[in-house]
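Peer 1: Supplied structure: run_36.cif, mmCIF, C-alpha atoms.
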```
data_final
loop_
_atom_site.label_atom_id
_atom_site.label_comp_id
_atom_site.auth_asym_id
_atom_site.auth_seq_id
_atom_site.Cartn_x
_atom_site.Cartn_y
_atom_site.Cartn_z
CA MET I 1 0.00 0.00 0.00
CA ASN I 2 1.52 3.33 -0.97
CA ARG I 3 1.74 6.36 1.27
CA SER I 4 -1.15 8.44 -0.02
CA ARG I 5 -3.60 5.53 0.12
CA ARG I 6 -2.44 4.74 3.62
CA HIS I 7 -3.05 8.36 4.65
CA ILE I 8 -6.54 8.43 3.15
CA LEU I 9 -7.42 5.20 4.94
CA PHE I 10 -6.08 6.66 8.19
CA PHE I 11 -7.95 9.96 7.97
CA VAL I 12 -11.27 8.28 7.15
CA SER I 13 -10.98 5.81 10.02
CA ALA I 14 -9.64 8.49 12.39
CA ALA I 15 -12.65 10.70 11.66
CA VAL I 16 -15.03 7.78 12.29
CA PHE I 17 -13.15 6.82 15.49
CA PHE I 18 -13.15 10.39 16.82
CA GLY I 19 -16.87 10.74 16.09
CA LEU I 20 -17.73 7.50 17.85
CA MET I 21 -15.48 8.38 20.82
CA THR I 22 -17.08 11.82 21.27
CA TRP I 23 -20.50 10.20 21.10
CA ALA I 24 -19.54 7.57 23.67
CA MET I 25 -17.97 10.13 26.02
CA HIS I 26 -21.25 11.94 26.54
CA ASP I 27 -22.48 9.00 28.61
CA LEU I 28 -19.36 8.88 30.80
CA PRO I 29 -19.60 10.59 34.18
CA PRO I 30 -18.37 14.17 33.57
CA VAL I 31 -14.80 14.92 34.64
CA GLY I 32 -14.67 15.91 38.30
CA HIS I 33 -17.69 13.80 39.28
CA TYR I 34 -15.82 10.66 40.23
CA ARG I 35 -18.18 7.81 41.14
CA GLY I 36 -15.98 4.78 41.84
CA PRO I 37 -16.35 3.61 45.45
CA TYR I 38 -12.98 1.87 45.78
CA GLY I 39 -10.71 4.91 45.63
CA ASP I 40 -12.80 6.68 48.28
CA ALA I 41 -12.73 3.59 50.48
CA ILE I 42 -8.94 3.41 50.27
CA ASN I 43 -8.54 7.14 50.88
CA ALA I 44 -10.73 6.89 53.97
CA THR I 45 -9.04 3.87 55.53
CA VAL I 46 -5.43 3.73 54.32
CA VAL I 47 -3.91 5.74 57.18
CA TYR I 48 -5.73 3.73 59.88
CA GLU I 49 -5.35 0.32 58.27
CA ARG I 50 -1.79 0.50 56.99
CA HIS I 51 -0.18 3.55 58.65
CA ILE I 52 0.80 4.71 55.14
CA THR I 53 0.24 8.31 54.07
CA ASP I 54 0.79 7.83 50.32
CA ALA I 55 -2.32 6.03 49.09
CA VAL I 56 -0.81 5.34 45.64
CA THR I 57 2.11 3.42 47.16
CA ALA I 58 -0.31 1.57 49.41
CA VAL I 59 -2.32 0.43 46.37
CA ASN I 60 0.80 -0.56 44.46
CA PHE I 61 2.69 -2.46 47.13
CA ASP I 62 -0.03 -3.63 49.51
CA TYR I 63 -3.61 -3.79 48.26
CA ARG I 64 -2.51 -4.78 44.74
CA GLY I 65 0.98 -6.04 45.54
CA PHE I 66 0.53 -9.08 43.34
CA ASP I 67 0.05 -6.89 40.25
CA THR I 68 3.24 -5.04 41.08
CA LEU I 69 5.09 -8.35 41.17
CA GLY I 70 3.92 -8.87 37.58
CA GLU I 71 4.91 -5.32 36.70
CA GLU I 72 8.39 -5.84 38.06
CA SER I 73 8.70 -9.10 36.14
CA ILE I 74 7.74 -7.31 32.92
CA LEU I 75 10.58 -4.87 33.50
CA PHE I 76 12.99 -7.71 34.30
CA LEU I 77 12.01 -9.65 31.18
CA SER I 78 12.32 -6.61 28.96
CA VAL I 79 15.84 -5.96 30.26
CA ILE I 80 16.67 -9.59 29.40
CA GLY I 81 15.08 -9.00 25.99
CA VAL I 82 17.14 -5.85 25.35
CA GLY I 83 20.30 -7.66 26.43
CA THR I 84 19.52 -10.57 24.12
CA LEU I 85 18.65 -8.40 21.14
CA LEU I 86 21.78 -6.29 21.55
CA ARG I 87 24.23 -9.10 22.27
CA GLN I 88 27.41 -9.39 20.28
CA GLN I 89 26.57 -10.55 16.75
CA LYS I 90 28.64 -12.93 14.62
CA ARG I 91 30.05 -10.15 12.47
CA GLU I 92 30.92 -7.97 15.42
CA ARG I 93 33.76 -7.76 17.86
CA LYS I 94 34.40 -5.65 20.94
CA SER I 95 36.98 -2.92 20.77
CA ARG I 96 40.30 -3.78 22.37
CA GLU I 97 40.80 -2.40 25.84
CA ASP I 98 44.50 -1.60 25.61
CA THR I 99 44.34 0.58 22.49
CA ASP I 100 42.70 3.96 22.20
CA GLU I 101 40.01 2.30 20.09
CA LEU I 102 37.56 2.75 22.94
CA GLU I 103 37.83 6.49 22.44
CA LYS I 104 36.59 6.27 18.84
CA GLY I 105 33.00 5.55 19.78
CA GLN I 106 33.10 8.54 22.06
CA ALA I 107 31.47 11.88 21.36
CA PRO I 108 33.74 14.96 21.30
CA GLU I 109 35.40 15.72 24.61
CA PRO I 110 32.85 17.50 26.85
CA SER I 111 33.66 20.97 28.14
CA GLU I 112 35.05 21.54 31.62
CA ALA I 113 31.78 23.14 32.77
CA MET I 114 29.85 20.07 31.64
CA LYS I 115 32.22 17.77 33.53
CA VAL I 116 32.02 19.77 36.75
CA ILE I 117 28.23 20.00 36.70
CA THR I 118 27.52 16.37 35.76
CA LEU I 119 30.08 14.83 38.11
CA GLY I 120 28.98 17.17 40.89
CA LEU I 121 25.40 16.01 40.41
CA VAL I 122 26.17 12.30 40.78
CA GLY I 123 26.38 12.32 44.58
CA PRO I 124 23.23 14.38 45.25
CA LEU I 125 21.35 12.27 42.68
CA VAL I 126 22.22 9.01 44.42
CA VAL I 127 21.11 10.47 47.76
CA TYR I 128 17.92 11.77 46.16
CA GLY I 129 17.19 8.35 44.62
CA ILE I 130 17.61 6.62 47.96
CA TYR I 131 15.41 9.28 49.58
CA ILE I 132 12.63 8.71 47.02
CA ILE I 133 12.83 4.93 47.51
CA THR I 134 12.80 4.97 51.31
CA HIS I 135 10.06 7.60 51.65
CA GLY I 136 7.67 5.90 49.22
CA GLN I 137 5.12 5.15 51.94
CA LEU I 138 5.12 8.74 53.22
CA THR I 139 5.35 11.10 50.25
CA PRO I 140 5.01 10.70 46.46
CA GLY I 141 7.61 8.29 45.17
CA GLY I 142 8.55 4.70 45.75
CA GLY I 143 10.68 1.93 44.34
CA PHE I 144 10.00 2.52 40.65
CA GLN I 145 10.57 6.27 40.69
CA GLY I 146 13.61 6.15 42.96
CA GLY I 147 15.13 3.26 41.01
CA VAL I 148 14.98 5.26 37.79
CA VAL I 149 16.60 8.26 39.54
CA LEU I 150 19.42 6.00 40.77
CA ALA I 151 19.92 4.56 37.28
CA THR I 152 20.60 8.02 35.84
CA ALA I 153 23.75 8.42 37.97
CA PRO I 154 26.02 6.30 35.70
CA LEU I 155 24.51 8.12 32.72
CA LEU I 156 25.83 11.39 34.15
CA VAL I 157 29.28 9.81 34.46
CA TYR I 158 29.05 8.91 30.76
CA LEU I 159 28.02 12.48 29.89
CA ALA I 160 31.06 13.75 31.75
CA GLY I 161 33.18 11.77 29.31
CA ASP I 162 34.58 9.36 31.87
CA LEU I 163 34.18 6.18 29.82
CA LYS I 164 36.32 3.92 31.96
CA THR I 165 34.40 4.70 35.17
CA PHE I 166 31.11 4.41 33.31
CA LYS I 167 32.05 0.94 32.11
CA ARG I 168 33.24 -0.07 35.54
CA ILE I 169 29.97 0.99 37.18
CA THR I 170 27.60 -0.45 34.59
CA THR I 171 29.27 -3.82 34.11
CA HIS I 172 29.86 -4.25 37.82
CA THR I 173 28.54 -7.50 39.26
CA LEU I 174 26.79 -5.43 41.93
CA VAL I 175 24.33 -4.19 39.31
CA GLU I 176 23.27 -7.73 38.47
CA ILE I 177 23.29 -8.80 42.10
CA GLY I 178 21.14 -5.78 43.01
CA GLU I 179 18.65 -6.62 40.28
CA ALA I 180 18.48 -10.28 41.32
CA ILE I 181 18.10 -9.40 45.01
CA GLY I 182 15.34 -6.95 44.05
CA ILE I 183 13.24 -9.55 42.23
CA PHE I 184 13.96 -12.39 44.62
CA GLY I 185 13.47 -10.16 47.66
CA PHE I 186 10.02 -9.13 46.42
CA LEU I 187 9.04 -12.82 46.18
CA MET I 188 10.50 -13.63 49.60
CA ILE I 189 8.67 -10.72 51.26
CA GLY I 190 5.54 -12.08 49.59
CA PHE I 191 6.16 -15.49 51.13
CA LEU I 192 6.38 -13.88 54.59
CA GLY I 193 2.60 -13.66 54.43
CA ILE I 194 2.29 -17.38 53.72
CA ILE I 195 4.73 -18.23 56.51
CA ALA I 196 2.57 -16.19 58.88
CA GLY I 197 -0.44 -18.26 57.80
CA LYS I 198 -2.03 -15.51 55.71
CA GLU I 199 -2.12 -14.81 51.95
CA PHE I 200 0.82 -14.22 49.62
CA LEU I 201 2.08 -10.61 49.94
CA ARG I 202 -0.10 -9.97 52.97
CA ASN I 203 1.29 -7.11 55.06
CA VAL I 204 2.27 -9.07 58.18
CA LEU I 205 5.10 -6.98 59.63
CA PRO I 206 4.46 -4.45 62.43
CA LEU I 207 3.05 -1.29 60.87
CA GLY I 208 5.01 1.19 62.98
CA GLN I 209 4.27 4.82 63.70
CA THR I 210 2.41 6.70 60.95
CA GLY I 211 4.76 9.23 59.36
CA SER I 212 7.93 7.42 60.39
CA ILE I 213 10.32 6.08 57.78
CA PHE I 214 9.90 2.59 59.28
CA SER I 215 6.12 2.61 58.92
CA GLY I 216 4.05 0.56 56.52
CA GLY I 217 5.33 -2.93 57.38
CA THR I 218 6.25 -4.87 54.24
CA VAL I 219 5.57 -1.84 52.00
CA ALA I 220 8.84 -0.16 52.99
CA LEU I 221 10.79 -3.37 52.29
CA LEU I 222 9.00 -3.95 48.97
CA ASP I 223 9.89 -0.37 47.99
CA ILE I 224 13.57 -1.06 48.58
CA ALA I 225 13.42 -4.38 46.70
CA THR I 226 11.69 -2.73 43.74
CA GLY I 227 14.16 0.16 43.82
CA LEU I 228 17.09 -2.25 43.59
CA ALA I 229 15.48 -4.23 40.77
CA VAL I 230 14.53 -1.13 38.76
CA ALA I 231 17.90 0.59 39.21
CA GLY I 232 19.77 -2.60 38.27
CA GLY I 233 17.50 -3.28 35.32
CA PHE I 234 17.74 0.23 33.91
CA ILE I 235 21.52 0.40 34.32
CA SER I 236 21.85 -2.92 32.45
CA ALA I 237 19.58 -1.66 29.66
CA ILE I 238 21.44 1.67 29.41
CA TYR I 239 24.73 -0.18 29.15
CA ALA I 240 23.37 -2.53 26.47
CA PHE I 241 22.46 0.49 24.33
CA LEU I 242 25.60 2.53 24.90
CA GLU I 243 27.77 -0.53 24.32
CA GLN I 244 26.53 -0.46 20.74
CA THR I 245 28.13 2.89 20.02
CA ILE I 246 31.06 2.70 22.41
CA GLU I 247 32.36 -0.80 21.92
CA MET I 248 30.82 -2.78 19.11
CA ARG I 249 32.80 -2.71 15.87
CA MET I 250 32.04 -4.56 12.67
CA GLU I 251 34.56 -7.28 11.81
CA GLY I 252 37.38 -5.76 9.81
CA GLU I 253 36.55 -2.21 10.86
CA GLU I 254 39.47 -0.54 12.59
CA MET K 1 -15.70 21.46 29.49
CA SER K 2 -16.99 18.39 31.29
CA ILE K 3 -15.62 15.98 28.68
CA PHE K 4 -12.62 18.04 27.57
CA PRO K 5 -9.92 15.73 29.10
CA TYR K 6 -11.50 12.74 27.38
CA LEU K 7 -11.29 14.57 24.08
CA VAL K 8 -7.62 15.36 24.75
CA ALA K 9 -7.03 11.63 25.31
CA ALA K 10 -8.73 10.72 22.01
CA TRP K 11 -6.78 13.46 20.21
CA LEU K 12 -3.43 12.27 21.64
CA PHE K 13 -4.26 8.73 20.58
CA LEU K 14 -4.99 9.77 17.01
CA VAL K 15 -1.99 12.12 16.71
CA GLY K 16 0.31 9.33 17.89
CA LEU K 17 -1.29 6.89 15.49
CA TYR K 18 -0.85 9.35 12.62
CA GLY K 19 2.83 9.57 13.54
CA VAL K 20 3.13 5.78 13.43
CA ILE K 21 1.52 5.37 10.01
CA SER K 22 3.31 8.30 8.37
CA SER K 23 6.72 7.65 9.92
CA ARG K 24 9.91 7.15 7.95
CA ASN K 25 12.05 6.09 10.89
CA PHE K 26 11.73 3.23 13.38
CA VAL K 27 13.02 5.36 16.27
CA HIS K 28 10.33 7.92 15.44
CA ILE K 29 7.72 5.12 15.44
CA ALA K 30 8.76 4.06 18.95
CA MET K 31 8.35 7.66 20.15
CA CYS K 32 4.94 7.97 18.45
CA LEU K 33 3.83 4.80 20.19
CA ALA K 34 4.79 6.49 23.46
CA VAL K 35 2.50 9.40 22.49
CA VAL K 36 -0.33 6.93 21.78
CA GLN K 37 0.19 5.42 25.19
CA SER K 38 0.26 8.80 26.92
CA SER K 39 -3.38 9.18 25.90
CA THR K 40 -4.17 6.43 28.40
CA TYR K 41 -2.51 8.48 31.17
CA VAL K 42 -4.81 11.41 30.46
CA LEU K 43 -7.84 9.11 30.32
CA LEU K 44 -7.00 7.37 33.60
CA LEU K 45 -6.32 10.62 35.44
CA ALA K 46 -9.50 12.18 34.05
CA ILE K 47 -11.59 9.25 35.29
CA GLY K 48 -10.20 9.47 38.82
CA TYR K 49 -10.35 13.27 39.11
CA LYS K 50 -12.69 14.84 41.61
CA THR K 51 -13.44 18.58 41.55
CA GLY K 52 -11.62 20.20 44.48
CA GLY K 53 -9.90 16.95 45.41
CA VAL K 54 -6.39 16.96 46.83
CA PRO K 55 -3.69 14.45 45.83
CA PRO K 56 -4.09 11.12 47.69
CA ILE K 57 -1.14 11.92 49.97
CA PHE K 58 -2.16 12.31 53.60
CA ALA K 59 1.18 13.38 55.08
CA GLY K 60 0.29 16.56 56.90
CA ALA K 61 -3.18 16.70 55.34
CA GLN K 62 -6.31 16.12 57.39
CA VAL K 63 -7.76 12.67 57.02
CA GLY K 64 -11.15 12.95 55.40
CA THR K 65 -10.26 15.71 52.92
CA PRO K 66 -11.72 14.71 49.55
CA ALA K 67 -8.87 13.25 47.50
CA VAL K 68 -8.71 11.98 43.93
CA ASP K 69 -8.76 8.25 43.22
CA PRO K 70 -5.40 6.61 44.08
CA ILE K 71 -6.22 3.41 42.17
CA VAL K 72 -6.14 4.96 38.70
CA GLN K 73 -2.89 6.69 39.64
CA ALA K 74 -1.38 3.35 40.63
CA LEU K 75 -2.61 1.93 37.31
CA MET K 76 -0.94 4.83 35.54
CA LEU K 77 2.37 3.95 37.19
CA THR K 78 2.02 0.44 35.80
CA ASP K 79 1.24 2.00 32.44
CA ILE K 80 4.45 4.05 32.51
CA VAL K 81 6.55 0.99 33.36
CA VAL K 82 4.98 -0.95 30.50
CA GLU K 83 5.66 1.94 28.14
CA ALA K 84 9.31 2.11 29.21
CA THR K 85 9.75 -1.60 28.54
CA VAL K 86 7.99 -1.49 25.17
CA VAL K 87 10.04 1.50 24.02
CA ALA K 88 13.29 -0.14 25.19
CA LEU K 89 12.55 -3.31 23.21
CA LEU K 90 11.50 -1.37 20.10
CA LEU K 91 14.66 0.75 20.21
CA ALA K 92 16.78 -2.39 20.56
CA LEU K 93 15.04 -3.80 17.48
CA ALA K 94 15.67 -0.52 15.61
CA VAL K 95 19.40 -0.78 16.38
CA GLN K 96 19.52 -4.30 14.95
CA ILE K 97 17.44 -3.36 11.89
CA GLN K 98 19.90 -0.55 11.15
CA LYS K 99 22.77 -3.02 11.37
CA ALA K 100 21.09 -5.72 9.27
CA ALA K 101 19.52 -3.56 6.56
CA GLY K 102 21.44 -0.30 6.73
CA THR K 103 18.23 1.71 7.02
CA VAL K 104 15.62 2.52 9.64
CA ASN K 105 13.00 3.60 7.12
CA PRO K 106 10.14 1.06 7.09
CA ASP K 107 9.26 1.87 3.47
CA ARG K 108 12.83 1.37 2.26
CA LEU K 109 12.98 -1.90 4.19
CA LEU K 110 10.07 -3.24 2.14
CA GLU K 111 11.70 -2.15 -1.12
CA LEU K 112 14.94 -3.88 -0.20
CA GLN K 113 13.26 -7.18 0.51
CA GLY K 114 10.45 -6.98 -2.06
#
```
Before anything else, please render the file you have as structure tokens.

Peer 2:
Amino acid sequence: MNRSRRHILFFVSAAVFFGLMTWAMHDLPPVGHYRGPYGDAINATVVYERHITDAVTAVNFDYRGFDTLGEESILFLSVIGVGTLLRQQKRERKSREDTDELEKGQAPEPSEAMKVITLGLVGPLVVYGIYIITHGQLTPGGGFQGGVVLATAPLLVYLAGDLKTFKRITTHTLVEIGEAIGIFGFLMIGFLGIIAGKEFLRNVLPLGQTGSIFSGGTVALLDIATGLAVAGGFISAIYAFLEQTIEMRMEGEE
Amino acid sequence: MSIFPYLVAAWLFLVGLYGVISSRNFVHIAMCLAVVQSSTYVLLLAIGYKTGGVPPIFAGAQVGTPAVDPIVQALMLTDIVVEATVVALLLALAVQIQKAAGTVNPDRLLELQG
């Protein structure tokens, strides 16, 4: 099908779709008149029942913890997928470490200002990521958000032009161990519920004082596990992509 | 006004879809798919919104203040994670297509193989 025919087909069906959608929307409850009972029920009881002040984290890691286990597995599998798709192909080889070949895949040397700012940001960013992860049950944030913040730290090192350190961080065994502990830890915390004679992922630990960093029982632990898994997963994926430009050379290419 | 956010969601969906069908670059297609998916964020947030509602964070806020639905927001977080994974896989495929065929233009790819 050529381009113009494809466009005509699209515009006709888009017009029909938009018309039908607008028609259907008139029977939806108008925006601002929320009718679902479940959200209100959670908002009314979450602080008493779970000692958690962030209702979104409570839904993710407690009321619907099982879904989050699936969500984390999706992320894990996609990192495996990216790693498999971007593995070293038959016609490719890695650049030799001892030569300056590694430098060839590198963008032009960043300016001094860039280096100072990016390297100076690494420390605060790591602290911020840990803060977001550990305060998930109190304020907006949690394992997923904090994990992504943590994963951007090695990216800043790359931007600063420090390839060797970047490689050392991203290929470090700790990244893989962190990811594995994250996934496995989530499962184990889930089994705590079964050990206590309740359901899988049931919040069985003491709930603690509302507003304290140790509140929320298993939710705080699940946040940390998810944070580890997400940070590890994203760092692995980032490395898989950057490896393509930094290291992979076609056979015969100098 | 009462259905405006729903219309925005439908519009985002169609704009993203137009990007996908008219695209000449696989990386661009992955980004357009992200736009399509962002329409679901708008839809979910619009469904859970309550006029005058505060965010469902009760640190420092009085319990009992009307807050928006936390469940759709949790769903949206799942949505974002799924989008990140889909985009990562599509970009990895685009890298390999570029290496195998020397182009990331879907139309050129058909010509080469046809």

Peer 1: Find the residues near range 40-49 of chain K: any atom within 7 Å, counting all atoms listed in the file, skip ones fewer than 3 places away on the same chain, and give them as a PyMOL selection string.

Peer 2: (chain I and resi 31-32+34) or (chain K and resi 5-6+9+37+68-69+72-73+76)

Peer 1: Write out the residues from the selection above, keeping C-alpha atoms, as a CSV table (one decimal), in the frame of the given file.

Peer 2:
```
chain,number,residue,atom,x,y,z
I,31,VAL,CA,-14.8,14.9,34.6
I,32,GLY,CA,-14.7,15.9,38.3
I,34,TYR,CA,-15.8,10.7,40.2
K,5,PRO,CA,-9.9,15.7,29.1
K,6,TYR,CA,-11.5,12.7,27.4
K,9,ALA,CA,-7.0,11.6,25.3
K,37,GLN,CA,0.2,5.4,25.2
K,68,VAL,CA,-8.7,12.0,43.9
K,69,ASP,CA,-8.8,8.2,43.2
K,72,VAL,CA,-6.1,5.0,38.7
K,73,GLN,CA,-2.9,6.7,39.6
K,76,MET,CA,-0.9,4.8,35.5
```

Peer 1: Write out as a tab-separated table a residue-level contact list of chain I versus chain K with cut-off 8 Å: for each qualifying residue the closest pair of atoms and the distance in Å to one decimal, counting all atoms listed in the file, rows sorted by chain and residue number upward.

Peer 2:
```
residue	atom	partner	partner_atom	distance
I:Arg3	CA	K:Ser22	CA	7.5
I:Arg6	CA	K:Ile21	CA	7.5
I:His7	CA	K:Ser22	CA	7.4
I:Phe10	CA	K:Tyr18	CA	7.4
I:Ala14	CA	K:Leu14	CA	6.7
I:Phe18	CA	K:Ala10	CA	6.8
I:Met21	CA	K:Ala10	CA	7.2
I:Thr22	CA	K:Leu7	CA	7.0
I:Met25	CA	K:Ile3	CA	6.8
I:His26	CA	K:Ile3	CA	7.3
I:Pro30	CA	K:Ser2	CA	5.0
I:Val31	CA	K:Ser2	CA	5.3
I:Gly32	CA	K:Lys50	CA	4.0
I:His33	CA	K:Lys50	CA	5.6
I:Tyr34	CA	K:Lys50	CA	5.4
I:Tyr38	CA	K:Ile71	CA	7.8
I:Gly39	CA	K:Asp69	CA	4.6
I:Asp40	CA	K:Asp69	CA	6.7
I:Ile42	CA	K:Pro70	CA	7.8
I:Asn43	CA	K:Pro56	CA	6.8
I:Ala44	CA	K:Gly64	CA	6.2
I:Val47	CA	K:Phe58	CA	7.7
I:Thr53	CA	K:Phe58	CA	4.7
I:Asp54	CA	K:Ile57	CA	4.5
I:Ala55	CA	K:Pro56	CA	5.6
I:Val56	CA	K:Pro70	CA	5.0
I:Thr57	CA	K:Ala74	CA	7.4
I:Val59	CA	K:Ile71	CA	6.5
I:Asn60	CA	K:Ala74	CA	5.9
I:Thr68	CA	K:Thr78	CA	7.7
I:Glu71	CA	K:Thr78	CA	6.5
I:Ile74	CA	K:Val82	CA	7.3
I:Leu75	CA	K:Thr85	CA	6.0
I:Ser78	CA	K:Thr85	CA	5.6
I:Val79	CA	K:Thr85	CA	7.7
I:Gly81	CA	K:Leu89	CA	6.8
I:Val82	CA	K:Leu89	CA	5.7
I:Leu85	CA	K:Ala92	CA	6.3
I:Leu86	CA	K:Ala92	CA	6.4
I:Leu138	CA	K:Ala59	CA	6.4
I:Thr139	CA	K:Ile57	CA	6.5
I:Pro140	CA	K:Ile57	CA	7.2
I:Gly211	CA	K:Ala59	CA	7.0
I:Ala237	CA	K:Ala88	CA	7.9
I:Phe241	CA	K:Ala92	CA	7.4
```

Peer 1: In Å, how far is it from CA of Tyr128 in chain I to CA of Gly147 in chain I?

Peer 2: 10.3 Å

Peer 1: Quick one: distance from CA of Thr245 in chain I to CA of Glu176 in chain I in Å, one decimal?

Peer 2: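 Interatomic distance, CA of Thr245 in chain I to CA of Glu176 in chain I: 21.8 Å.
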
Peer 1: Under the rule that all atoms listed in the file are counted, which of I:Phe66, I:Leu156, I:Ser4, I:Ala151 is the nearest residue to Ile117 in chain I?

Peer 2: I:Leu156

Peer 1: Output as JSON the centre and edge lengths (Å, one decimal) of the box along x, y and z of the file that holds every listed atom of range 208-212 of chain I after adding 5 Å on each side.

Peer 2:
```
{"center_x": 5.2, "center_y": 5.2, "center_z": 61.5, "size_x": 15.5, "size_y": 18.0, "size_z": 14.3}
```

Peer 1: Check what the PyMOL selection byres ((chain I and resi 201) around 12) selects in the file above and give those residues as a ChimeraX atom specification.

Peer 2: /I:60-69,185-200,202-205,217-219,221-222

Peer 1: I'd like the interatomic distance between CA of Glu72 in chain I and CA of Val148 in chain I, to a tenth of an Å.

Peer 2: 12.9 Å

Peer 1: If you apply the PyMOL selection byres ((chain I and resi 115) around 9) to this file, what residues do you get, as a list in words?

Peer 2: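 Matching residues under the PyMOL selection byres ((chain I and resi 115) around 9) are Pro110, Ser111, Glu112, Ala113, Met114, Val116, Ile117, Thr118, Leu119, Gly120, Val157, Leu159, Ala160, Gly161 and Asp162 of chain I.
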
Peer 1: Extract, using all atoms listed in the file, all DNA, RNA and protein residues at most 8 Å from Thr134 in chain I, discarding same-chain residues fewer than 4 positions from it, and format them as an MDAnalysis selection string.

Peer 2: chainID I and resid 130 142:143 213 220 223:224

Peer 1: Give the answer as one residue: which of I:Leu150, I:Ser236, I:Gly36, I:Pro108 has the shortest atom-to-atom distance to Leu125 in chain I, using only C-alpha atoms?

Peer 2: I:Leu150

Peer 1: Give as a PyMOL selection string the residues that the PyMOL selection byres ((chain I and resi 92) around 7) matches when applied to the coordinates above.

Peer 2: chain I and resi 88-91+93-94+248-251

Peer 1: Those selected residues, please, written with C-alpha atoms and delivered as a PDB file, in the frame of the given file.

Peer 2:
```
ATOM      1  CA  GLN I  88      27.410  -9.390  20.280  1.00  0.00           C
ATOM      2  CA  GLN I  89      26.570 -10.550  16.750  1.00  0.00           C
ATOM      3  CA  LYS I  90      28.640 -12.930  14.620  1.00  0.00           C
ATOM      4  CA  ARG I  91      30.050 -10.150  12.470  1.00  0.00           C
ATOM      5  CA  ARG I  93      33.760  -7.760  17.860  1.00  0.00           C
ATOM      6  CA  LYS I  94      34.400  -5.650  20.940  1.00  0.00           C
ATOM      7  CA  MET I 248      30.820  -2.780  19.110  1.00  0.00           C
ATOM      8  CA  ARG I 249      32.800  -2.710  15.870  1.00  0.00           C
ATOM      9  CA  MET I 250      32.040  -4.560  12.670  1.00  0.00           C
ATOM     10  CA  GLU I 251      34.560  -7.280  11.810  1.00  0.00           C
TER      11      GLU I 251
END
```

Peer 1: I'd like to know which of K:Leu110, K:Leu12, K:Ala94, K:Ala100 is closest to Asn25 in chain K, using all atoms listed in the file.

Peer 2: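 Answer, going by the shortest atom-to-atom distance: K:Ala94.
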
Peer 1: Could you name the residues that touch Ile235 in chain I at 9 Å or less, counting all atoms listed in the file, but leaving out those on the same chain fewer than 4 positions away, as a PyMOL selection string?

Peer 2: chain I and resi 148+150-152+154-155+169-171+175+230-231+239-240
